[in-house]
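Structure data (TSV, C-alpha atoms and all ligand atoms) from data-v3.tsv:
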```tsv
chain	number	residue	atom	x	y	z
K	185	MET	CA	134.29	86.54	91.41
K	186	GLU	CA	137.58	85.26	92.85
K	187	GLU	CA	138.87	82.18	91.02
K	188	ASN	CA	138.93	78.99	93.10
K	189	LEU	CA	136.49	80.37	95.68
K	190	LYS	CA	134.34	77.35	96.51
K	191	THR	CA	132.59	78.10	99.78
K	192	MET	CA	130.71	81.02	101.24
K	193	LYS	CA	129.19	82.11	104.53
K	194	ALA	CA	125.41	81.76	104.71
K	195	TRP	CA	122.86	82.07	107.49
K	196	GLN	CA	120.79	78.89	107.50
K	197	LEU	CA	117.59	78.11	109.36
K	198	HIS	CA	117.79	74.51	110.64
K	199	ALA	CA	114.43	74.42	112.48
K	200	PHE	CA	111.78	76.98	113.51
K	201	GLY	CA	112.96	79.57	116.04
K	202	LEU	CA	115.60	82.31	115.83
K	203	GLU	CA	117.95	80.16	117.96
K	204	ASN	CA	118.12	77.77	115.00
K	205	LEU	CA	119.47	80.39	112.61
K	206	THR	CA	123.23	79.85	112.34
K	207	LEU	CA	126.10	81.23	110.27
K	208	ASP	CA	127.49	78.29	108.30
K	209	ASN	CA	130.03	77.56	105.57
K	210	VAL	CA	128.34	76.13	102.48
K	211	ASP	CA	129.26	75.55	98.84
K	212	ILE	CA	128.77	78.46	96.47
K	213	PRO	CA	126.06	77.30	94.06
K	214	ALA	CA	126.90	77.26	90.33
K	215	PRO	CA	124.42	78.95	87.97
K	216	LYS	CA	122.58	76.48	85.74
K	217	HIS	CA	120.71	77.16	82.49
K	218	ASN	CA	118.99	80.60	82.62
K	219	GLU	CA	120.38	81.32	86.08
K	220	ILE	CA	122.69	84.03	87.36
K	221	LEU	CA	124.93	84.05	90.43
K	222	ILE	CA	124.98	87.32	92.34
K	223	LYS	CA	127.35	88.59	95.02
K	224	VAL	CA	124.86	89.81	97.57
K	225	GLY	CA	125.20	93.46	98.54
K	226	ALA	CA	122.29	93.70	100.97
K	227	VAL	CA	119.00	92.17	102.05
K	228	SER	CA	116.06	93.81	103.78
K	229	LEU	CA	113.69	92.20	106.28
K	230	ASN	CA	109.91	91.95	106.08
K	231	PHE	CA	107.24	90.71	108.49
K	232	ARG	CA	107.17	87.56	106.31
K	233	ASP	CA	110.81	86.76	107.17
K	234	LYS	CA	110.04	86.74	110.87
K	235	ALA	CA	106.87	84.73	110.33
K	236	ILE	CA	108.89	82.10	108.40
K	237	VAL	CA	111.42	81.80	111.25
K	238	ASP	CA	108.55	81.61	113.77
K	239	GLY	CA	106.92	78.79	111.79
K	240	ILE	CA	103.66	80.64	111.16
K	241	TYR	CA	104.06	81.33	107.43
K	242	THR	CA	103.36	78.29	105.20
K	243	PRO	CA	105.31	76.05	107.63
K	244	ASP	CA	104.42	72.92	105.65
K	245	LYS	CA	106.35	74.22	102.62
K	246	ILE	CA	109.73	74.73	104.29
K	247	GLN	CA	112.64	72.30	103.84
K	248	PHE	CA	115.45	72.63	106.38
K	249	PRO	CA	118.08	73.88	106.19
K	250	VAL	CA	117.08	76.93	104.17
K	251	ILE	CA	118.86	80.22	103.56
K	252	PRO	CA	116.14	82.71	104.56
K	253	VAL	CA	115.17	86.26	103.47
K	254	SER	CA	113.70	87.04	100.09
K	255	ASP	CA	114.55	90.67	99.35
K	256	THR	CA	118.06	90.88	97.96
K	257	SER	CA	120.18	93.22	95.84
K	258	GLY	CA	123.63	92.56	94.48
K	259	THR	CA	125.91	92.29	91.46
K	260	VAL	CA	126.00	89.55	88.82
K	261	VAL	CA	129.31	87.63	89.11
K	262	ALA	CA	128.61	84.55	86.96
K	263	ILE	CA	125.99	83.51	84.41
K	264	GLY	CA	124.68	80.12	83.33
K	265	SER	CA	124.09	78.95	79.75
K	266	GLY	CA	121.32	80.69	77.83
K	267	VAL	CA	121.41	83.89	79.90
K	268	ASN	CA	121.06	86.97	77.72
K	269	ARG	CA	119.24	89.59	79.82
K	270	PHE	CA	122.10	90.13	82.25
K	271	LYS	CA	125.88	90.26	82.10
K	272	ILE	CA	128.60	90.14	84.73
K	273	GLY	CA	128.71	93.42	86.62
K	274	ASP	CA	124.98	94.26	86.31
K	275	ARG	CA	123.29	95.42	89.51
K	276	VAL	CA	120.12	93.43	90.11
K	277	THR	CA	117.33	92.87	92.64
K	278	SER	CA	115.32	89.73	93.42
K	279	HIS	CA	111.58	89.31	92.82
K	280	LEU	CA	109.66	87.45	95.56
K	281	TYR	CA	107.16	85.47	93.44
K	282	SER	CA	109.79	84.31	91.01
K	283	HIS	CA	107.32	82.80	88.49
K	284	TRP	CA	104.77	85.63	88.50
K	285	ILE	CA	105.88	87.78	85.59
K	286	ASP	CA	102.71	89.57	84.43
K	287	GLY	CA	98.91	89.36	84.42
K	288	LYS	CA	96.98	87.25	86.91
K	289	PRO	CA	98.91	85.09	89.41
K	290	ALA	CA	98.82	81.29	89.19
K	291	ASP	CA	97.40	79.48	92.21
K	292	ASN	CA	100.84	78.15	93.20
K	293	GLU	CA	103.03	81.29	93.21
K	294	GLN	CA	103.88	80.61	96.89
K	295	GLU	CA	105.82	77.52	95.82
K	296	PHE	CA	108.26	79.65	93.84
K	297	SER	CA	108.86	82.36	96.44
K	298	LEU	CA	112.35	83.21	97.68
K	299	GLY	CA	113.53	82.81	101.28
K	300	SER	CA	111.24	79.74	101.68
K	301	PRO	CA	110.62	77.43	100.04
K	302	LEU	CA	113.29	78.64	97.54
K	303	SER	CA	116.71	79.62	98.86
K	304	GLY	CA	117.01	83.25	99.96
K	305	GLY	CA	119.62	85.98	100.08
K	306	LEU	CA	121.05	85.95	103.61
K	307	ALA	CA	124.38	84.70	102.22
K	308	GLU	CA	127.44	85.99	100.40
K	309	TYR	CA	126.18	84.64	97.06
K	310	MET	CA	122.75	83.75	95.69
K	311	ILE	CA	121.32	82.12	92.56
K	312	LEU	CA	118.48	83.91	90.74
K	313	GLU	CA	116.57	82.97	87.60
K	314	GLU	CA	117.28	85.58	84.92
K	315	GLY	CA	113.60	85.76	83.93
K	316	SER	CA	112.56	86.67	87.46
K	317	THR	CA	115.14	89.29	88.32
K	318	VAL	CA	115.01	93.06	87.80
K	319	PHE	CA	117.71	95.67	87.23
K	320	SER	CA	118.19	97.71	90.38
K	321	PRO	CA	117.15	101.37	90.01
K	322	SER	CA	120.29	103.31	89.08
K	323	SER	CA	119.49	105.98	91.69
K	324	LEU	CA	119.65	103.49	94.59
K	325	ASN	CA	122.55	101.62	96.19
K	326	ASP	CA	122.20	97.95	97.17
K	327	GLU	CA	121.01	98.71	100.71
K	328	GLU	CA	118.24	100.91	99.32
K	329	ALA	CA	117.31	98.65	96.40
K	330	SER	CA	117.02	95.62	98.70
K	331	THR	CA	114.02	97.27	100.40
K	332	LEU	CA	111.89	97.24	97.23
K	333	PRO	CA	110.75	93.67	96.34
K	334	ILE	CA	107.99	93.33	98.95
K	335	ALA	CA	107.56	96.56	100.90
K	336	ALA	CA	107.55	98.90	97.87
K	337	LEU	CA	106.05	96.62	95.21
K	338	THR	CA	103.04	95.80	97.41
K	339	PRO	CA	101.73	99.40	97.66
K	340	TRP	CA	102.76	100.12	94.05
K	341	TYR	CA	100.83	97.10	92.76
K	342	SER	CA	97.85	97.99	95.01
K	343	MET	CA	97.62	101.68	94.17
K	344	VAL	CA	98.96	101.90	90.62
K	345	THR	CA	98.58	98.49	88.92
K	346	CYS	CA	95.22	97.56	90.48
K	347	GLY	CA	93.99	100.99	91.56
K	348	ASN	CA	95.15	103.14	88.62
K	349	LEU	CA	95.93	105.97	91.05
K	350	LYS	CA	95.55	109.46	89.62
K	351	THR	CA	96.90	112.85	90.63
K	352	GLY	CA	94.61	114.51	93.17
K	353	GLU	CA	93.07	111.29	94.45
K	354	THR	CA	93.22	110.49	98.17
K	355	VAL	CA	94.97	107.48	99.70
K	356	VAL	CA	94.86	106.29	103.33
K	357	LEU	CA	97.95	104.55	104.69
K	358	GLN	CA	97.86	102.67	108.00
K	359	GLY	CA	100.83	102.98	110.35
K	360	THR	CA	104.46	103.69	109.67
K	361	GLY	CA	105.87	100.27	108.79
K	362	GLY	CA	107.65	99.34	105.58
K	363	VAL	CA	104.61	98.98	103.33
K	364	SER	CA	102.84	102.14	104.51
K	365	ILE	CA	105.88	104.41	104.32
K	366	PHE	CA	106.59	103.27	100.76
K	367	GLY	CA	102.87	103.72	100.02
K	368	LEU	CA	103.12	107.28	101.33
K	369	GLN	CA	106.22	108.09	99.28
K	370	ILE	CA	104.80	106.63	96.05
K	371	ALA	CA	101.37	108.25	96.45
K	372	HIS	CA	102.97	111.61	97.27
K	373	ALA	CA	105.33	111.39	94.28
K	374	LEU	CA	102.36	110.67	91.99
K	375	GLY	CA	100.51	113.74	93.25
K	376	ALA	CA	97.92	112.03	95.44
K	377	LYS	CA	96.66	113.44	98.75
K	378	THR	CA	97.74	111.20	101.64
K	379	ILE	CA	96.17	110.54	105.03
K	380	LEU	CA	98.33	108.41	107.33
K	381	THR	CA	97.20	106.82	110.58
K	382	THR	CA	99.72	106.12	113.36
K	383	SER	CA	99.78	105.36	117.07
K	384	ASP	CA	102.74	107.68	117.63
K	385	ASP	CA	102.77	111.46	117.12
K	386	GLU	CA	106.56	111.55	116.65
K	387	LYS	CA	106.29	109.04	113.81
K	388	GLY	CA	103.38	111.11	112.49
K	389	GLN	CA	105.66	114.15	112.31
K	390	LYS	CA	108.28	112.11	110.43
K	391	ALA	CA	105.57	110.98	108.01
K	392	LYS	CA	104.59	114.64	107.51
K	393	ASP	CA	108.22	115.41	106.69
K	394	LEU	CA	107.96	112.73	103.97
K	395	GLY	CA	104.91	114.45	102.49
K	396	ALA	CA	101.87	113.11	104.37
K	397	ASP	CA	99.07	115.68	104.08
K	398	GLU	CA	97.09	114.57	107.14
K	399	ILE	CA	97.94	112.48	110.19
K	400	VAL	CA	95.35	110.70	112.35
K	401	ASN	CA	96.46	109.14	115.63
K	402	TYR	CA	94.45	105.89	115.67
K	403	LYS	CA	95.03	105.38	119.40
K	404	GLN	CA	93.67	108.83	120.34
K	405	THR	CA	91.03	108.65	117.59
K	406	PRO	CA	89.95	105.00	117.36
K	407	ASP	CA	87.17	106.03	114.96
K	408	TRP	CA	89.77	107.08	112.40
K	409	ALA	CA	87.37	106.22	109.56
K	410	THR	CA	85.00	109.06	110.55
K	411	GLU	CA	88.02	111.35	110.75
K	412	VAL	CA	88.97	110.35	107.18
K	413	LEU	CA	85.40	111.19	106.09
K	414	ASN	CA	85.72	114.59	107.83
K	415	LEU	CA	89.04	115.23	106.09
K	416	THR	CA	87.53	114.42	102.69
K	417	ASN	CA	84.34	116.55	102.99
K	418	GLY	CA	82.30	113.46	103.78
K	419	ILE	CA	83.25	111.76	100.50
K	420	GLY	CA	85.84	109.24	101.68
K	421	ALA	CA	89.19	108.23	100.24
K	422	ASP	CA	89.74	106.80	96.75
K	423	GLN	CA	91.99	104.07	98.10
K	424	ILE	CA	92.83	102.54	101.49
K	425	LEU	CA	95.88	100.31	101.98
K	426	ASP	CA	94.68	98.04	104.80
K	427	ILE	CA	97.70	96.54	106.55
K	428	ALA	CA	95.96	96.02	109.89
K	429	GLY	CA	93.30	93.51	108.81
K	430	GLY	CA	90.96	91.99	111.40
K	431	GLU	CA	87.72	93.76	112.31
K	432	GLY	CA	89.25	97.07	111.21
K	433	LEU	CA	88.50	96.12	107.62
K	434	ASN	CA	85.00	97.50	108.30
K	435	ASP	CA	86.57	100.88	109.13
K	436	SER	CA	88.49	100.80	105.87
K	437	VAL	CA	85.29	100.20	103.91
K	438	ARG	CA	83.65	103.08	105.82
K	439	ALA	CA	86.59	105.39	105.11
K	440	ALA	CA	86.54	104.65	101.36
K	441	LYS	CA	84.45	106.69	98.96
K	442	VAL	CA	81.63	105.08	96.95
K	443	GLY	CA	83.33	102.83	94.39
K	444	GLY	CA	86.67	103.19	96.20
K	445	GLN	CA	89.28	100.46	96.56
K	446	VAL	CA	90.31	98.79	99.82
K	447	SER	CA	93.51	96.81	99.28
K	448	VAL	CA	93.60	93.92	101.76
K	449	ILE	CA	97.32	93.63	102.45
K	450	GLY	CA	98.10	92.81	106.09
K	451	PHE	CA	96.74	91.03	109.09
K	452	LEU	CA	98.48	92.70	112.04
K	453	GLN	CA	95.18	92.79	113.97
K	454	GLY	CA	93.97	89.39	112.85
K	455	GLN	CA	93.42	87.08	109.88
K	456	ASN	CA	89.60	87.01	110.19
K	457	THR	CA	86.89	89.62	110.04
K	458	ASN	CA	83.11	89.99	110.28
K	459	LEU	CA	82.63	92.20	107.28
K	460	ASP	CA	79.46	94.34	107.13
K	461	LEU	CA	78.38	93.32	103.64
K	462	MET	CA	75.66	95.96	103.36
K	463	ASN	CA	78.32	98.68	103.52
K	464	VAL	CA	80.36	96.95	100.82
K	465	ILE	CA	77.28	96.47	98.66
K	466	PHE	CA	75.77	99.95	98.98
K	467	LYS	CA	79.15	101.64	98.57
K	468	ARG	CA	80.17	99.32	95.71
K	469	THR	CA	83.55	99.01	97.40
K	470	ARG	CA	86.25	97.13	95.53
K	471	VAL	CA	87.83	94.90	98.21
K	472	GLN	CA	91.04	93.81	96.52
K	473	GLY	CA	93.22	91.06	97.96
K	474	ILE	CA	96.91	91.77	97.40
K	475	ALA	CA	99.89	89.40	97.32
K	476	VAL	CA	102.85	91.68	96.54
K	477	GLY	CA	102.86	92.01	92.72
K	478	HIS	CA	104.27	90.79	89.43
K	479	LEU	CA	107.63	91.42	87.80
K	480	LYS	CA	106.26	93.77	85.14
K	481	ALA	CA	104.87	96.06	87.86
K	482	PHE	CA	108.25	95.86	89.65
K	483	GLU	CA	110.07	97.08	86.52
K	484	GLU	CA	107.59	99.94	86.06
K	485	MET	CA	107.95	100.88	89.71
K	486	ASN	CA	111.75	100.98	89.47
K	487	LYS	CA	111.49	103.50	86.63
K	488	ALA	CA	109.28	105.65	88.86
K	489	PHE	CA	111.80	105.46	91.71
K	490	ASP	CA	114.48	106.80	89.36
K	491	LYS	CA	112.16	109.40	87.82
K	492	TYR	CA	110.85	110.80	91.11
K	493	ASN	CA	114.08	110.18	93.04
K	494	ILE	CA	112.25	108.28	95.79
K	495	LYS	CA	114.69	107.25	98.54
K	496	PRO	CA	113.69	104.30	100.75
K	497	VAL	CA	113.44	105.09	104.45
K	498	ILE	CA	115.83	102.78	106.30
K	499	GLU	CA	115.71	102.82	110.09
K	500	LYS	CA	118.90	100.80	110.60
K	501	ILE	CA	121.53	98.92	108.60
K	502	TYR	CA	123.01	95.87	110.36
K	503	SER	CA	126.21	94.00	109.41
K	504	PHE	CA	126.07	90.44	108.07
K	505	GLU	CA	127.21	89.08	111.45
K	506	GLU	CA	124.39	90.97	113.21
K	507	ALA	CA	121.54	89.15	111.41
K	508	ILE	CA	119.99	87.93	114.68
K	509	GLU	CA	119.90	91.48	116.06
K	510	ALA	CA	118.25	92.62	112.82
K	511	TYR	CA	115.48	90.04	113.24
K	512	GLN	CA	115.03	91.11	116.88
K	513	HIS	CA	114.71	94.73	115.75
K	514	LEU	CA	112.10	93.69	113.17
K	515	ALA	CA	110.07	92.09	115.94
K	516	LYS	CA	109.99	95.42	117.82
K	517	GLY	CA	108.86	97.36	114.72
K	518	ALA	CA	110.56	100.12	112.78
K	519	PHE	CA	109.82	103.36	110.95
K	520	GLY	CA	110.48	102.16	107.42
K	521	LYS	CA	112.93	99.33	106.73
K	522	ILE	CA	115.63	97.25	108.41
K	523	VAL	CA	118.54	96.23	106.19
K	524	ILE	CA	121.46	93.81	106.52
K	525	LYS	CA	124.54	94.85	104.55
K	526	ILE	CA	126.47	91.87	103.27
K	527	SER	CA	129.26	93.20	101.05
M	1	LIG	N1	99.77	90.99	101.15
M	1	LIG	C1	101.00	91.35	100.84
M	1	LIG	O1	101.43	91.29	99.68
M	1	LIG	C2	101.88	91.90	101.92
M	1	LIG	C3	103.13	92.44	101.60
M	1	LIG	C4	103.88	93.02	102.63
M	1	LIG	C5	103.39	93.01	103.93
M	1	LIG	N2	102.20	92.44	104.19
M	1	LIG	C6	101.62	92.46	105.53
M	1	LIG	O2	101.31	93.82	105.84
M	1	LIG	C7	101.47	94.05	107.23
M	1	LIG	C8	102.43	95.20	107.43
M	1	LIG	O3	103.69	94.87	106.90
M	1	LIG	P1	104.93	95.84	107.15
M	1	LIG	O4	106.11	95.14	106.59
M	1	LIG	O5	104.65	97.22	106.70
M	1	LIG	O6	104.96	95.76	108.74
M	1	LIG	P2	105.77	96.62	109.78
M	1	LIG	O7	106.87	97.33	109.07
M	1	LIG	O8	106.09	95.72	110.90
M	1	LIG	O9	104.65	97.71	110.21
M	1	LIG	C9	104.08	97.69	111.46
M	1	LIG	C10	103.38	99.04	111.69
M	1	LIG	O10	102.00	98.90	111.41
M	1	LIG	C11	101.29	99.83	112.18
M	1	LIG	N3	100.12	99.19	112.78
M	1	LIG	C12	100.06	98.10	113.58
M	1	LIG	N4	98.80	97.85	113.96
M	1	LIG	C13	98.04	98.81	113.38
M	1	LIG	C14	96.67	99.12	113.41
M	1	LIG	N5	95.80	98.40	114.10
M	1	LIG	N6	96.25	100.17	112.68
M	1	LIG	C15	97.10	100.90	111.97
M	1	LIG	N7	98.42	100.68	111.92
M	1	LIG	C16	98.88	99.65	112.63
M	1	LIG	C17	102.21	100.36	113.26
M	1	LIG	O11	102.51	101.71	112.92
M	1	LIG	P3	102.62	102.85	114.03
M	1	LIG	O12	103.76	102.45	114.92
M	1	LIG	O13	102.89	104.08	113.26
M	1	LIG	O14	101.31	102.89	114.75
M	1	LIG	C18	103.42	99.47	113.14
M	1	LIG	O15	104.62	100.15	113.39
M	1	LIG	C19	101.91	92.71	107.81
M	1	LIG	O16	100.77	92.02	108.24
M	1	LIG	C20	102.53	91.99	106.61
M	1	LIG	O17	102.51	90.59	106.74
M	1	LIG	C21	101.44	91.87	103.22
```
This entry written out as structure tokens:
Amino acid sequence: MEENLKTMKAWQLHAFGLENLTLDNVDIPAPKHNEILIKVGAVSLNFRDKAIVDGIYTPDKIQFPVIPVSDTSGTVVAIGSGVNRFKIGDRVTSHLYSHWIDGKPADNEQEFSLGSPLSGGLAEYMILEEGSTVFSPSSLNDEEASTLPIAALTPWYSMVTCGNLKTGETVVLQGTGGVSIFGLQIAHALGAKTILTTSDDEKGQKAKDLGADEIVNYKQTPDWATEVLNLTNGIGADQILDIAGGEGLNDSVRAAKVGGQVSVIGFLQGQNTNLDLMNVIFKRTRVQGIAVGHLKAFEEMNKAFDKYNIKPVIEKIYSFEEAIEAYQHLAKGAFGKIVIKIS
């Protein structure tokens, strides 16, 4: 880090609404005990980042101004006292739930999440706690590694940590957003059979190119669950990653095999559902709520990314100055991830 450099550029959210996100000059924070300062290489955007700006994601927790965006990769440029896991020059990536290291989550993990309420990475420099930071996979550059903390860890934690996914099992992925495309790539790399639903045949073809075994267009075939049963000889899938939520959760239970796992991840169709309990009971479905994942799972996942050479699918990389355009792109949806390159 350049000597005497005292200030940095940082996007700060001063109130809800994208019009209140401004590029400011602020002091570069100094790393305290057990903290590291990183020069940010890139951040990636998630649905959560837009929801925070829109004031619909834990709005009571936010303290303005805040530097938004959780998912960040960069290089360590300074370390605080007591730091021994990292040294200057290491390439690292942030971990959303900074206090959830292993095992079961505490009931207040949200309070220690990056990008709100804790400061995020949409800035030239960022402080991270050494205990809640991971080494970036050596096979990925910062733009690629920045896509991992939410969008990749969520399907990894669902399928592998909770679901113990095995070669030859079948996984259903919904849509072609960040979570589902990573879910597809991970499941495919681990030798699972994948069925992906999408509203768009062109995106379906791209998903096939990434290894999807079967594509179901959920607009043309609204009863996609029956189609999944047909494609699995009437048995159903071992795991469903449900990112749509709402009433569709019933379809996910129907599409799962007896004793299968439905990971409840997203709520694109709604945050409430009338769940047919008799189906859940008779099928002994494991309905598993998911909130991203813990740091130990993140480290295991990064090894798998290196081992299987999984390359994140990035639809577009914006410059630091184009952050607003990146958020606007996120609102329109993307095949895979949207990244902002910072240095
Ligand atoms: N619980 C967690 O830990 C966690 C973590 C990450 C994300 N999430 C949540 O998961 C959801 C997805 O996140 P994301 O980042 O992947 O979003 P995204 O990148 O914006 O993905 C949106 C895609 O979802 C698909 N989709 C929308 N409605 C659908 C429906 N009814 N059925 C099937 N697919 C549908 C569409 O794919 P097509 O265009 O191909 O149709 C759309 O492009 C969001 O609700 C997000 O908040 C939760």
Query - Exercise: residues within 10 Å of coordinate (99.8, 108.9, 117.4), counting only C-alpha atoms, as a PyMOL selection string - result: chain K and resi 359+381-389+399-405
Query - Radius query 7 Å about (100.0, 112.0, 92.2), atoms used: all atoms listed in the file, as a PyMOL selection string - result: chain K and resi 350-352+371-376
Export C-alpha atoms of the chosen residues as a tab-separated table (two decimals), in the coordinates of the input?
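File selection.tsv, as written:
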```
chain	number	residue	atom	x	y	z
K	350	LYS	CA	95.55	109.46	89.62
K	351	THR	CA	96.90	112.85	90.63
K	352	GLY	CA	94.61	114.51	93.17
K	371	ALA	CA	101.37	108.25	96.45
K	372	HIS	CA	102.97	111.61	97.27
K	373	ALA	CA	105.33	111.39	94.28
K	374	LEU	CA	102.36	110.67	91.99
K	375	GLY	CA	100.51	113.74	93.25
K	376	ALA	CA	97.92	112.03	95.44
```
Requested in this report: Write out as a PyMOL selection string each polymer residue (protein, DNA or RNA) that has an atom no more than 8 Å from ligand LIG 1 (chain M), with all atoms listed in the file counted.
Outcome: chain K and resi 230-232+334-335+338+358-365+381-384+387-388+401-402+426-429+432+448-453+473-477+514-521
Requested in this report: Counting all atoms listed in the file, figure out which residue out of K:Tyr492, K:Phe296, K:Phe482, K:Tyr281 gets nearest to Val318 (chain K).
Outcome: K:Phe482
Report task. Give me the residues within 12 Å of Tyr502 (chain K) as an NGL selection string, counting only C-alpha atoms and dropping any in the same chain fewer than 5 places off. Result -> :K and (226-229 or 327 or 507-514 or 521-527)
Query raised in the report: For Ile379 (chain K), which residue out of K:Asn493, K:Thr416, K:Ser300, K:Asn218 is the nearest one, using only C-alpha atoms?
Result: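 Closest to Ile379 (chain K), using only C-alpha atoms: K:Thr416.
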Query - Gap from CA of Ile263 (chain K) to CA of Lys190 (chain K) - Å, one decimal - result: 15.9 Å
